[in-house]
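**Q** Quick one: structure below, then a few questions.
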Amino acid sequence: MTRLLCVCDDTVDRPGLAGRLTAAIQAGHHDGVDLCYLGSNVLAQAAVAHTLRAAGLSVTVLEAGRLVDDQVTALRTAAPQWTDAVGAAVVNGRRVLDWLALSSVGGSVFWLGSLIERNTFKSRELLAAAQVRAIDRHLAGSPVGHIHVSVAWPLVSDAVAGIAKARGIVCTRTGGAPQSAKARLLERPVAGSLALLARQAWWSFSARGLRLRPPASDRGALPLLFVTYFPYLERTAAGQGMFRNKYAGQLQDVIESSGRPLWWVGLFVFIDGFGFADAVRMGRRFAQAGRFALLDAYLGVTGLLGVVRDTVRVWRRAGRVGARLDPAIARILVPPGAEGVAQEIWRRSYQGPDLVRSLCYAAMFRALGRDVRDATECLYYLEFQAWEQALNLACRQAQPSMRRIAFQHTSVSRNHLFYFRTAEEQGPDGMPMPDVVVASGDVPAGLLRETGLDPVPVAESIRQLHLWSVLAAAPPSPRADRPVLVVAGSIDRVETTALVSMVVAAFPVAVDVDIQFKGHPSMPIAPILSALGVDMAAAGYTLATGTVGEALTGATMVLVASSAVAVEALAFGCDVIVPAFPSFPCLTPLAGFDEYCLRVYTADGLRAAVHESQTGQRPTVEARQAFARAYWSLDSELSGWRRVLGHERS
């Protein structure tokens, strides 16, 4: 007997679905339904399964989180192999890499694409690749005779239909909830590109004049250029008119105490509720000393026109080249029938808003280079984003003598596809790399060395120095008899929704465990609980106030997905539970270190993990803290940074 595979998400029409599947099972004489739920609401998944069973159907709920997580792991190898193959592919006698070369950017625009970034936070298509690979893997081992797809994302719906066709399986589809008119418009390549150009033009106009104007005292010195996300700053200092980097304050002190001029370039990001107008207002206050600039100020009218010209050039070339790429290359990334996912990543990279954004970065960093000719070193945060490649291209072209130091500033996950680079990408004909890659501890340094990066010096993790006092103190005393589970949200709303809904499904009422929710500063949890219809008082949940450290101090266990809080929780002696969901790649820094965490994929799995945490053989507090010490270097004297920057004390 064959099965019917139902692939759906949070937008599925639950009552109508039961009728459609019943008719399909009767027509095809299938044995029952395999439910592959790709949504973020665990409560909604349970409701779908209940509705189908109430209609008399035999339902097996697949562990979609596990299936997708397995394929995210597989993408560690597949995604880099695919990008290598795309760049090396020959079209009409020339490599793709060479087709996208522009003299105006000092190299190939290929290295500025989302295809090369491989950033799962920015390119949802990588999640789609993992999802369709997971579905194809299930089909390879299960007698499926019919697939019914009801998901809102057309890219996934089309890919699943393509996989079904390639395997000779009947496939029916119903649409999910439609997108808003604005979302549909901005997803169109031309409309989205024009909207981004218009916004960038306005930002550059608003930031006009906010360029570096170093004082005369900097002449003859050895300035250090620090490119940082902005406005990541300490608000108290900002209120006094002083710029103090929120995540590099002590490093800032070391550099300034050495007598070296420190020149700041702020790269705007939406954080802590600040908008671009706020960034400009604060930037003008800091710029009075001449050592602060906002990157957007370096894109004038001439630069903007150059971006438009280069966009048209690359767009045309990418259209011709992309149409001639061998479909077999796409099958390195996705199964037969799902080539559209790979094509969409290509289009996003070189025929849409991401291309415009990358070319704007290239133009701004080239213009910045004219103002920083005296800088001998450049320090920036390492994540292999397009802006970093644009910075390195500009420096390689205009200032090859300036040493570029890229700092891995938080955590490294084996599922962070952007950190792991192939030998081809790091070769002489490869992507523009920094001169030095610095890791924040021994464990991340080891992970980066696995990719071929060498040497990788270790310097202190500036953001986590506060943990030194936690680890220096005596191990925490055993918790009270009633365990405390802290649920730490992530910066992503989809993942946080999945996290919260799993807890509510596992523990609708907190009877034997205290449950505290701690949201990310940029993604509060209270609105998500409200949207899920949770009555906090009736359920017995509480919202943790204060800092993450204060919440962890009283915790027995921590449920945390894609966040460095997983390692921080180990420093506090907590047991760590890591969930994986089908709606968001699991980017935990504990991937591959499963001895220090419990992995869960369902509400039942979460209940079992909480029980095992209390009754099973788990790592000791001392072992957990030893791993945290190995993960982050926490020397308060910053001796590692002094070595990297040549500021050793005599």
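Following the order of the structure tokens, chains are lettered A, B, ..., residues in each are numbered from 1, and ligands are numbered from 1.
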Need the shell around segment 192-198 of chain A: protein/DNA/RNA residues with any atom at most 12 Å away, counting only C-alpha atoms. Skip same-chain ones fewer than 6 positions apart. Format as a PDB file with N, CA, C and O atoms, in the first residue's frame?
**A**
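Output below, filename out38.pdb:
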```
ATOM      1  N   LYS A 182       1.916  44.974  -1.101  1.00  0.00           N
ATOM      2  CA  LYS A 182       3.251  45.568  -0.951  1.00  0.00           C
ATOM      3  C   LYS A 182       4.333  44.501  -1.016  1.00  0.00           C
ATOM      4  O   LYS A 182       5.359  44.662  -1.692  1.00  0.00           O
ATOM      5  N   ALA A 183       4.114  43.374  -0.334  1.00  0.00           N
ATOM      6  CA  ALA A 183       5.105  42.290  -0.334  1.00  0.00           C
ATOM      7  C   ALA A 183       5.278  41.722  -1.733  1.00  0.00           C
ATOM      8  O   ALA A 183       6.397  41.448  -2.175  1.00  0.00           O
ATOM      9  N   ARG A 184       4.157  41.542  -2.451  1.00  0.00           N
ATOM     10  CA  ARG A 184       4.249  41.019  -3.822  1.00  0.00           C
ATOM     11  C   ARG A 184       5.020  41.976  -4.717  1.00  0.00           C
ATOM     12  O   ARG A 184       5.827  41.564  -5.549  1.00  0.00           O
ATOM     13  N   LEU A 185       4.790  43.272  -4.539  1.00  0.00           N
ATOM     14  CA  LEU A 185       5.463  44.265  -5.376  1.00  0.00           C
ATOM     15  C   LEU A 185       6.961  44.271  -5.123  1.00  0.00           C
ATOM     16  O   LEU A 185       7.770  44.269  -6.054  1.00  0.00           O
ATOM     17  N   LEU A 186       7.358  44.260  -3.834  1.00  0.00           N
ATOM     18  CA  LEU A 186       8.778  44.362  -3.502  1.00  0.00           C
ATOM     19  C   LEU A 186       9.550  43.099  -3.854  1.00  0.00           C
ATOM     20  O   LEU A 186      10.771  43.141  -3.973  1.00  0.00           O
ATOM     21  N   SER A 204      21.486  58.486   1.578  1.00  0.00           N
ATOM     22  CA  SER A 204      22.745  59.169   1.270  1.00  0.00           C
ATOM     23  C   SER A 204      22.573  60.680   1.322  1.00  0.00           C
ATOM     24  O   SER A 204      23.462  61.405   1.789  1.00  0.00           O
ATOM     25  N   PHE A 205      21.424  61.165   0.859  1.00  0.00           N
ATOM     26  CA  PHE A 205      21.153  62.603   0.945  1.00  0.00           C
ATOM     27  C   PHE A 205      21.034  63.038   2.402  1.00  0.00           C
ATOM     28  O   PHE A 205      21.583  64.067   2.806  1.00  0.00           O
ATOM     29  N   LEU A 299      27.986  57.830  -0.762  1.00  0.00           N
ATOM     30  CA  LEU A 299      27.354  57.555  -2.055  1.00  0.00           C
ATOM     31  C   LEU A 299      26.684  58.827  -2.551  1.00  0.00           C
ATOM     32  O   LEU A 299      25.528  59.109  -2.242  1.00  0.00           O
ATOM     33  N   VAL A 301      25.794  61.605  -5.933  1.00  0.00           N
ATOM     34  CA  VAL A 301      25.049  61.471  -7.186  1.00  0.00           C
ATOM     35  C   VAL A 301      25.853  60.664  -8.204  1.00  0.00           C
ATOM     36  O   VAL A 301      25.336  59.759  -8.862  1.00  0.00           O
ATOM     37  N   GLY A 303      28.230  58.477  -7.657  1.00  0.00           N
ATOM     38  CA  GLY A 303      28.280  57.077  -7.242  1.00  0.00           C
ATOM     39  C   GLY A 303      26.973  56.361  -7.508  1.00  0.00           C
ATOM     40  O   GLY A 303      26.960  55.204  -7.938  1.00  0.00           O
ATOM     41  N   LEU A 304      25.854  57.044  -7.260  1.00  0.00           N
ATOM     42  CA  LEU A 304      24.541  56.441  -7.482  1.00  0.00           C
ATOM     43  C   LEU A 304      24.315  56.148  -8.964  1.00  0.00           C
ATOM     44  O   LEU A 304      23.799  55.083  -9.329  1.00  0.00           O
ATOM     45  N   LEU A 305      24.713  57.068  -9.816  1.00  0.00           N
ATOM     46  CA  LEU A 305      24.588  56.834 -11.258  1.00  0.00           C
ATOM     47  C   LEU A 305      25.460  55.657 -11.691  1.00  0.00           C
ATOM     48  O   LEU A 305      25.080  54.862 -12.558  1.00  0.00           O
ATOM     49  N   GLY A 306      26.639  55.540 -11.078  1.00  0.00           N
ATOM     50  CA  GLY A 306      27.504  54.398 -11.375  1.00  0.00           C
ATOM     51  C   GLY A 306      26.865  53.085 -10.966  1.00  0.00           C
ATOM     52  O   GLY A 306      27.004  52.070 -11.659  1.00  0.00           O
ATOM     53  N   VAL A 307      26.154  53.092  -9.846  1.00  0.00           N
ATOM     54  CA  VAL A 307      25.454  51.886  -9.393  1.00  0.00           C
ATOM     55  C   VAL A 307      24.379  51.493 -10.403  1.00  0.00           C
ATOM     56  O   VAL A 307      24.224  50.307 -10.749  1.00  0.00           O
ATOM     57  N   VAL A 308      23.630  52.479 -10.892  1.00  0.00           N
ATOM     58  CA  VAL A 308      22.589  52.194 -11.887  1.00  0.00           C
ATOM     59  C   VAL A 308      23.208  51.595 -13.145  1.00  0.00           C
ATOM     60  O   VAL A 308      22.722  50.596 -13.692  1.00  0.00           O
ATOM     61  N   THR A 311      24.421  48.087 -12.414  1.00  0.00           N
ATOM     62  CA  THR A 311      23.283  47.187 -12.228  1.00  0.00           C
ATOM     63  C   THR A 311      22.762  46.697 -13.564  1.00  0.00           C
ATOM     64  O   THR A 311      22.498  45.497 -13.754  1.00  0.00           O
ATOM     65  N   VAL A 312      22.610  47.611 -14.507  1.00  0.00           N
ATOM     66  CA  VAL A 312      22.114  47.229 -15.836  1.00  0.00           C
ATOM     67  C   VAL A 312      23.086  46.257 -16.505  1.00  0.00           C
ATOM     68  O   VAL A 312      22.682  45.247 -17.100  1.00  0.00           O
ATOM     69  N   TRP A 315      22.957  42.839 -14.628  1.00  0.00           N
ATOM     70  CA  TRP A 315      21.636  42.241 -14.813  1.00  0.00           C
ATOM     71  C   TRP A 315      21.571  41.549 -16.172  1.00  0.00           C
ATOM     72  O   TRP A 315      21.115  40.409 -16.281  1.00  0.00           O
ATOM     73  N   ARG A 348      18.227  36.242  -7.295  1.00  0.00           N
ATOM     74  CA  ARG A 348      18.332  37.142  -6.146  1.00  0.00           C
ATOM     75  C   ARG A 348      19.717  37.782  -6.090  1.00  0.00           C
ATOM     76  O   ARG A 348      19.843  38.964  -5.759  1.00  0.00           O
ATOM     77  N   SER A 349      20.729  37.007  -6.414  1.00  0.00           N
ATOM     78  CA  SER A 349      22.097  37.488  -6.296  1.00  0.00           C
ATOM     79  C   SER A 349      22.448  38.547  -7.319  1.00  0.00           C
ATOM     80  O   SER A 349      23.118  39.538  -6.992  1.00  0.00           O
ATOM     81  N   TYR A 350      22.003  38.360  -8.574  1.00  0.00           N
ATOM     82  CA  TYR A 350      22.531  39.186  -9.660  1.00  0.00           C
ATOM     83  C   TYR A 350      21.463  39.834 -10.534  1.00  0.00           C
ATOM     84  O   TYR A 350      21.795  40.469 -11.538  1.00  0.00           O
ATOM     85  N   GLN A 351      20.195  39.714 -10.125  1.00  0.00           N
ATOM     86  CA  GLN A 351      19.125  40.334 -10.904  1.00  0.00           C
ATOM     87  C   GLN A 351      18.010  40.833  -9.986  1.00  0.00           C
ATOM     88  O   GLN A 351      16.834  40.580 -10.224  1.00  0.00           O
ATOM     89  N   GLY A 352      18.382  41.572  -8.966  1.00  0.00           N
ATOM     90  CA  GLY A 352      17.365  42.065  -8.052  1.00  0.00           C
ATOM     91  C   GLY A 352      17.938  43.019  -7.029  1.00  0.00           C
ATOM     92  O   GLY A 352      19.064  43.509  -7.169  1.00  0.00           O
ATOM     93  N   PRO A 353      17.182  43.290  -5.963  1.00  0.00           N
ATOM     94  CA  PRO A 353      17.622  44.257  -4.946  1.00  0.00           C
ATOM     95  C   PRO A 353      18.955  43.919  -4.297  1.00  0.00           C
ATOM     96  O   PRO A 353      19.719  44.823  -3.953  1.00  0.00           O
ATOM     97  N   ASP A 354      19.252  42.619  -4.119  1.00  0.00           N
ATOM     98  CA  ASP A 354      20.522  42.272  -3.488  1.00  0.00           C
ATOM     99  C   ASP A 354      21.708  42.730  -4.329  1.00  0.00           C
ATOM    100  O   ASP A 354      22.758  43.113  -3.792  1.00  0.00           O
ATOM    101  N   LEU A 355      21.565  42.679  -5.660  1.00  0.00           N
ATOM    102  CA  LEU A 355      22.625  43.182  -6.535  1.00  0.00           C
ATOM    103  C   LEU A 355      22.801  44.681  -6.337  1.00  0.00           C
ATOM    104  O   LEU A 355      23.938  45.171  -6.211  1.00  0.00           O
ATOM    105  N   VAL A 356      21.708  45.407  -6.284  1.00  0.00           N
ATOM    106  CA  VAL A 356      21.780  46.857  -6.087  1.00  0.00           C
ATOM    107  C   VAL A 356      22.458  47.181  -4.761  1.00  0.00           C
ATOM    108  O   VAL A 356      23.332  48.055  -4.681  1.00  0.00           O
ATOM    109  N   ARG A 357      22.075  46.485  -3.716  1.00  0.00           N
ATOM    110  CA  ARG A 357      22.669  46.728  -2.396  1.00  0.00           C
ATOM    111  C   ARG A 357      24.181  46.472  -2.418  1.00  0.00           C
ATOM    112  O   ARG A 357      24.968  47.270  -1.897  1.00  0.00           O
ATOM    113  N   SER A 358      24.588  45.384  -3.059  1.00  0.00           N
ATOM    114  CA  SER A 358      26.010  45.043  -3.115  1.00  0.00           C
ATOM    115  C   SER A 358      26.802  46.090  -3.889  1.00  0.00           C
ATOM    116  O   SER A 358      27.906  46.477  -3.478  1.00  0.00           O
ATOM    117  N   LEU A 359      26.252  46.561  -5.001  1.00  0.00           N
ATOM    118  CA  LEU A 359      26.949  47.572  -5.797  1.00  0.00           C
ATOM    119  C   LEU A 359      27.008  48.904  -5.059  1.00  0.00           C
ATOM    120  O   LEU A 359      27.979  49.657  -5.209  1.00  0.00           O
ATOM    121  N   CYS A 360      25.995  49.196  -4.263  1.00  0.00           N
ATOM    122  CA  CYS A 360      26.046  50.415  -3.429  1.00  0.00           C
ATOM    123  C   CYS A 360      27.184  50.303  -2.419  1.00  0.00           C
ATOM    124  O   CYS A 360      27.945  51.268  -2.215  1.00  0.00           O
TER     125      CYS A 360
END
```
**Q** Ala328 of chain A: which residues within 12 Å, counting only C-alpha atoms, same-chain residues fewer than 3 positions away excluded, as a list in words?
**A**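 Final neighbour list, sorted by chain and number: Trp82, Ala85, Val86, Ala89, Arg324, Leu325, Arg331, Ile332, Leu333, Val334, Pro335, Pro336, Gly337, Ala338, Glu339, Ala342 and Gln343 of chain A.
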**Q** Quick one: of A:Ala289, A:Ala24, A:Val12, A:Leu57, who's nearest to Leu38 of chain A, counting only C-alpha atoms?
**A**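 Comparing A:Ala289, A:Ala24, A:Val12, A:Leu57 against Leu38 of chain A, the winner is A:Val12.
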**Q** Determine, counting only C-alpha atoms, which protein, DNA and RNA residues have an atom within 12 Å of an atom of Val503 of chain A; residues of the same chain fewer than 2 positions away are not included. Present the result as a ChimeraX atom specification.
**A** /A:41-43,485-489,496-501,505-510,513-517,529,532,534,539,541,558-560,577,579,600-607,609-610
**Q** One number please: atom CA of Arg463 of chain A to atom CA of Gly249 of chain A, in Å, one decimal.
**A**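 So the answer is 8.8 Å.
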**Q** Quick one: contact table of segment 374-482 of chain A to segment 253-272 of chain A, 10 Å max, nearest atom pair and distance in Å to one decimal per residue, counting only C-alpha atoms, chain and number order, as JSON lines?
**A**
```
{"residue": "A:Ala375", "atom": "CA", "partner": "A:Trp263", "partner_atom": "CA", "distance": 8.5}
{"residue": "A:Cys378", "atom": "CA", "partner": "A:Trp263", "partner_atom": "CA", "distance": 9.3}
{"residue": "A:Leu379", "atom": "CA", "partner": "A:Trp264", "partner_atom": "CA", "distance": 9.8}
{"residue": "A:Tyr380", "atom": "CA", "partner": "A:Val265", "partner_atom": "CA", "distance": 9.8}
{"residue": "A:Trp387", "atom": "CA", "partner": "A:Leu267", "partner_atom": "CA", "distance": 9.2}
```
**Q** Using only C-alpha atoms, which protein or nucleic acid residues come within 10 Å of segment 491-494 of chain A? Drop anything in the same chain fewer than 4 positions from it, and give the result as an mmCIF file with C-alpha atoms, in the first residue's frame.
**A**
```cif
data_model
loop_
_atom_site.group_PDB
_atom_site.id
_atom_site.type_symbol
_atom_site.label_atom_id
_atom_site.label_comp_id
_atom_site.auth_asym_id
_atom_site.auth_seq_id
_atom_site.Cartn_x
_atom_site.Cartn_y
_atom_site.Cartn_z
ATOM 1 C CA GLY A 39 4.976 25.890 9.504
ATOM 2 C CA SER A 40 6.257 27.666 12.603
ATOM 3 C CA ASN A 41 3.238 27.095 14.858
ATOM 4 C CA PHE A 121 19.139 34.950 7.827
ATOM 5 C CA ALA A 498 8.020 28.098 16.792
ATOM 6 C CA LEU A 499 9.936 28.073 20.076
ATOM 7 C CA GLY A 519 12.876 37.595 24.579
ATOM 8 C CA HIS A 520 15.624 38.962 22.367
ATOM 9 C CA PRO A 521 15.978 42.769 22.687
ATOM 10 C CA SER A 522 14.820 43.134 19.066
ATOM 11 C CA MET A 523 12.083 40.478 19.253
ATOM 12 C CA PRO A 524 9.916 40.684 22.392
ATOM 13 C CA ILE A 525 8.110 37.475 23.328
ATOM 14 C CA ILE A 528 3.992 36.395 20.277
ATOM 15 C CA SER A 562 19.792 29.942 17.167
ATOM 16 C CA SER A 563 21.541 32.039 19.767
ATOM 17 C CA PHE A 581 12.121 23.461 13.405
ATOM 18 C CA SER A 583 10.506 26.697 9.333
ATOM 19 C CA PHE A 584 13.958 28.037 10.234
#
```
**Q** For Pro15 of chain A, please output as a PyMOL selection string all residues within 10 Å (counting only C-alpha atoms; exclusion window: fewer than 2 positions along the same chain).
**A** chain A and resi 12-13+17-20+48+51-52+55
**Q** For the residues selected in the previous step, produce a file with N, CA, C and O atoms as a compact mmCIF listing (two decimals), in the first residue's frame.
**A**
```
# COMPACT_ATOMS: atom_id res chain seq x y z
N VAL A 12 -2.60 26.69 5.85
CA VAL A 12 -3.45 25.67 5.26
C VAL A 12 -4.91 25.85 5.68
O VAL A 12 -5.21 26.27 6.81
N ASP A 13 -5.84 25.54 4.77
CA ASP A 13 -7.27 25.54 5.05
C ASP A 13 -7.60 24.22 5.73
O ASP A 13 -7.80 23.20 5.06
N LEU A 17 -8.94 20.85 3.95
CA LEU A 17 -7.88 19.88 3.73
C LEU A 17 -8.36 18.47 3.99
O LEU A 17 -8.06 17.54 3.22
N ALA A 18 -9.11 18.27 5.05
CA ALA A 18 -9.58 16.93 5.39
C ALA A 18 -10.41 16.33 4.27
O ALA A 18 -10.24 15.16 3.90
N GLY A 19 -11.28 17.13 3.68
CA GLY A 19 -12.11 16.63 2.59
C GLY A 19 -11.29 16.28 1.36
O GLY A 19 -11.53 15.24 0.72
N ARG A 20 -10.33 17.13 1.02
CA ARG A 20 -9.52 16.87 -0.16
C ARG A 20 -8.66 15.61 0.01
O ARG A 20 -8.52 14.81 -0.92
N VAL A 48 -4.02 20.53 12.94
CA VAL A 48 -4.19 19.91 11.63
C VAL A 48 -4.27 18.39 11.78
O VAL A 48 -5.15 17.73 11.20
N THR A 51 -7.63 17.41 13.22
CA THR A 51 -8.71 17.54 12.24
C THR A 51 -8.73 16.36 11.28
O THR A 51 -9.79 15.80 10.96
N LEU A 52 -7.57 15.96 10.81
CA LEU A 52 -7.50 14.83 9.87
C LEU A 52 -7.91 13.53 10.54
O LEU A 52 -8.61 12.70 9.94
N ALA A 55 -11.55 13.20 10.96
CA ALA A 55 -12.23 12.85 9.72
C ALA A 55 -12.07 11.38 9.37
O ALA A 55 -12.51 10.92 8.30
```
**Q** Smallest atom-to-atom distance to Ala293 of chain A: which of A:Ala201, A:Val227, A:Ala538, A:Ala330, using only C-alpha atoms?
**A**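 Looking at the shortest contact to Ala293 of chain A, the residue is A:Val227.
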**Q** Write down as a list of chain:residue names the residues belonging to segment 8-49 of chain A that are assigned strand (DSSP E or B) by DSSP computed on the backbone.
**A**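 Those residues are A:Cys8, A:Val33, A:Asp34, A:Leu35, A:Cys36, A:Tyr37.
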**Q** Would you mind exporting N, CA and C atoms of the selected residues as a PDB file, in the first residue's frame?
**A**
```pdb
ATOM      1  N   CYS A   8       2.270  20.911   4.225  1.00  0.00           N
ATOM      2  CA  CYS A   8       1.491  22.123   4.456  1.00  0.00           C
ATOM      3  C   CYS A   8       2.187  23.004   5.488  1.00  0.00           C
ATOM      4  N   VAL A  33      -2.078   8.966   5.698  1.00  0.00           N
ATOM      5  CA  VAL A  33      -1.450  10.257   5.437  1.00  0.00           C
ATOM      6  C   VAL A  33      -0.166  10.396   6.240  1.00  0.00           C
ATOM      7  N   ASP A  34       0.904  10.803   5.544  1.00  0.00           N
ATOM      8  CA  ASP A  34       2.125  11.266   6.212  1.00  0.00           C
ATOM      9  C   ASP A  34       2.074  12.788   6.206  1.00  0.00           C
ATOM     10  N   LEU A  35       2.026  13.401   7.386  1.00  0.00           N
ATOM     11  CA  LEU A  35       1.898  14.853   7.487  1.00  0.00           C
ATOM     12  C   LEU A  35       3.275  15.477   7.675  1.00  0.00           C
ATOM     13  N   CYS A  36       3.701  16.270   6.701  1.00  0.00           N
ATOM     14  CA  CYS A  36       4.966  17.011   6.789  1.00  0.00           C
ATOM     15  C   CYS A  36       4.616  18.488   6.950  1.00  0.00           C
ATOM     16  N   TYR A  37       4.667  18.959   8.184  1.00  0.00           N
ATOM     17  CA  TYR A  37       4.228  20.316   8.493  1.00  0.00           C
ATOM     18  C   TYR A  37       5.437  21.246   8.511  1.00  0.00           C
TER      19      TYR A  37
END
```
**Q** Here is a test: counting only C-alpha atoms, which residue of A:Asn92, A:Gln385, A:Thr236, A:Thr545 is nearest to Val321 of chain A?
**A**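 Selected residue with least distance to Val321 of chain A: A:Asn92.
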**Q** Would you list the contacts of Gln426 of chain A as an NGL selection string, taking every protein, DNA or RNA residue within 12 Å and counting only C-alpha atoms, but skipping same-chain residues closer than 2 positions in sequence?
**A** :A and (80 or 84 or 111 or 384 or 419-424 or 428-435 or 451-454)
**Q** Grab the residues selected above and save them as a tab-separated table (two decimals), in the first residue's frame with N, CA and C atoms.
**A**
```
chain	number	residue	atom	x	y	z
A	80	PRO	N	28.59	24.92	-0.58
A	80	PRO	CA	29.87	25.38	-1.11
A	80	PRO	C	30.26	24.70	-2.42
A	84	ASP	N	30.95	26.77	-5.92
A	84	ASP	CA	32.20	26.55	-6.66
A	84	ASP	C	31.90	26.16	-8.10
A	111	TRP	N	31.42	37.64	-6.39
A	111	TRP	CA	31.74	37.51	-4.97
A	111	TRP	C	30.84	38.37	-4.08
A	384	PHE	N	31.22	37.32	6.55
A	384	PHE	CA	31.26	37.07	5.11
A	384	PHE	C	30.02	37.61	4.40
A	419	TYR	N	30.29	30.97	7.15
A	419	TYR	CA	31.64	30.91	7.71
A	419	TYR	C	32.52	29.89	6.98
A	420	PHE	N	31.90	28.87	6.41
A	420	PHE	CA	32.68	27.75	5.91
A	420	PHE	C	32.94	27.89	4.43
A	421	ARG	N	34.21	28.18	4.11
A	421	ARG	CA	34.64	28.51	2.75
A	421	ARG	C	35.53	27.41	2.18
A	422	THR	N	35.38	27.14	0.89
A	422	THR	CA	36.16	26.10	0.25
A	422	THR	C	37.55	26.61	-0.11
A	423	ALA	N	38.42	25.68	-0.47
A	423	ALA	CA	39.78	26.05	-0.88
A	423	ALA	C	39.75	26.94	-2.11
A	424	GLU	N	38.81	26.68	-3.03
A	424	GLU	CA	38.71	27.51	-4.24
A	424	GLU	C	38.32	28.95	-3.89
A	428	PRO	N	43.93	32.15	-4.69
A	428	PRO	CA	44.36	33.43	-5.27
A	428	PRO	C	43.36	34.03	-6.24
A	429	ASP	N	42.53	33.17	-6.85
A	429	ASP	CA	41.52	33.66	-7.79
A	429	ASP	C	40.14	33.69	-7.13
A	430	GLY	N	40.15	33.61	-5.81
A	430	GLY	CA	38.89	33.49	-5.10
A	430	GLY	C	38.34	34.81	-4.60
A	431	MET	N	37.48	34.71	-3.58
A	431	MET	CA	36.80	35.88	-3.04
A	431	MET	C	37.81	36.78	-2.33
A	432	PRO	N	37.51	38.07	-2.25
A	432	PRO	CA	38.42	38.99	-1.55
A	432	PRO	C	38.39	38.73	-0.06
A	433	MET	N	39.46	38.16	0.45
A	433	MET	CA	39.54	37.76	1.85
A	433	MET	C	40.28	38.81	2.67
A	434	PRO	N	40.01	38.86	3.98
A	434	PRO	CA	40.81	39.73	4.86
A	434	PRO	C	42.22	39.18	5.01
A	435	ASP	N	43.11	40.02	5.49
A	435	ASP	CA	44.49	39.58	5.72
A	435	ASP	C	44.59	38.68	6.94
A	451	THR	N	37.91	24.75	7.98
A	451	THR	CA	37.56	25.17	6.62
A	451	THR	C	38.79	25.51	5.79
A	452	GLY	N	39.97	25.44	6.39
A	452	GLY	CA	41.18	25.76	5.65
A	452	GLY	C	41.77	27.10	6.00
A	453	LEU	N	41.07	27.89	6.81
A	453	LEU	CA	41.64	29.17	7.25
A	453	LEU	C	42.80	28.90	8.21
A	454	ASP	N	43.93	29.49	7.91
A	454	ASP	CA	45.09	29.26	8.77
A	454	ASP	C	46.14	30.32	8.44
```
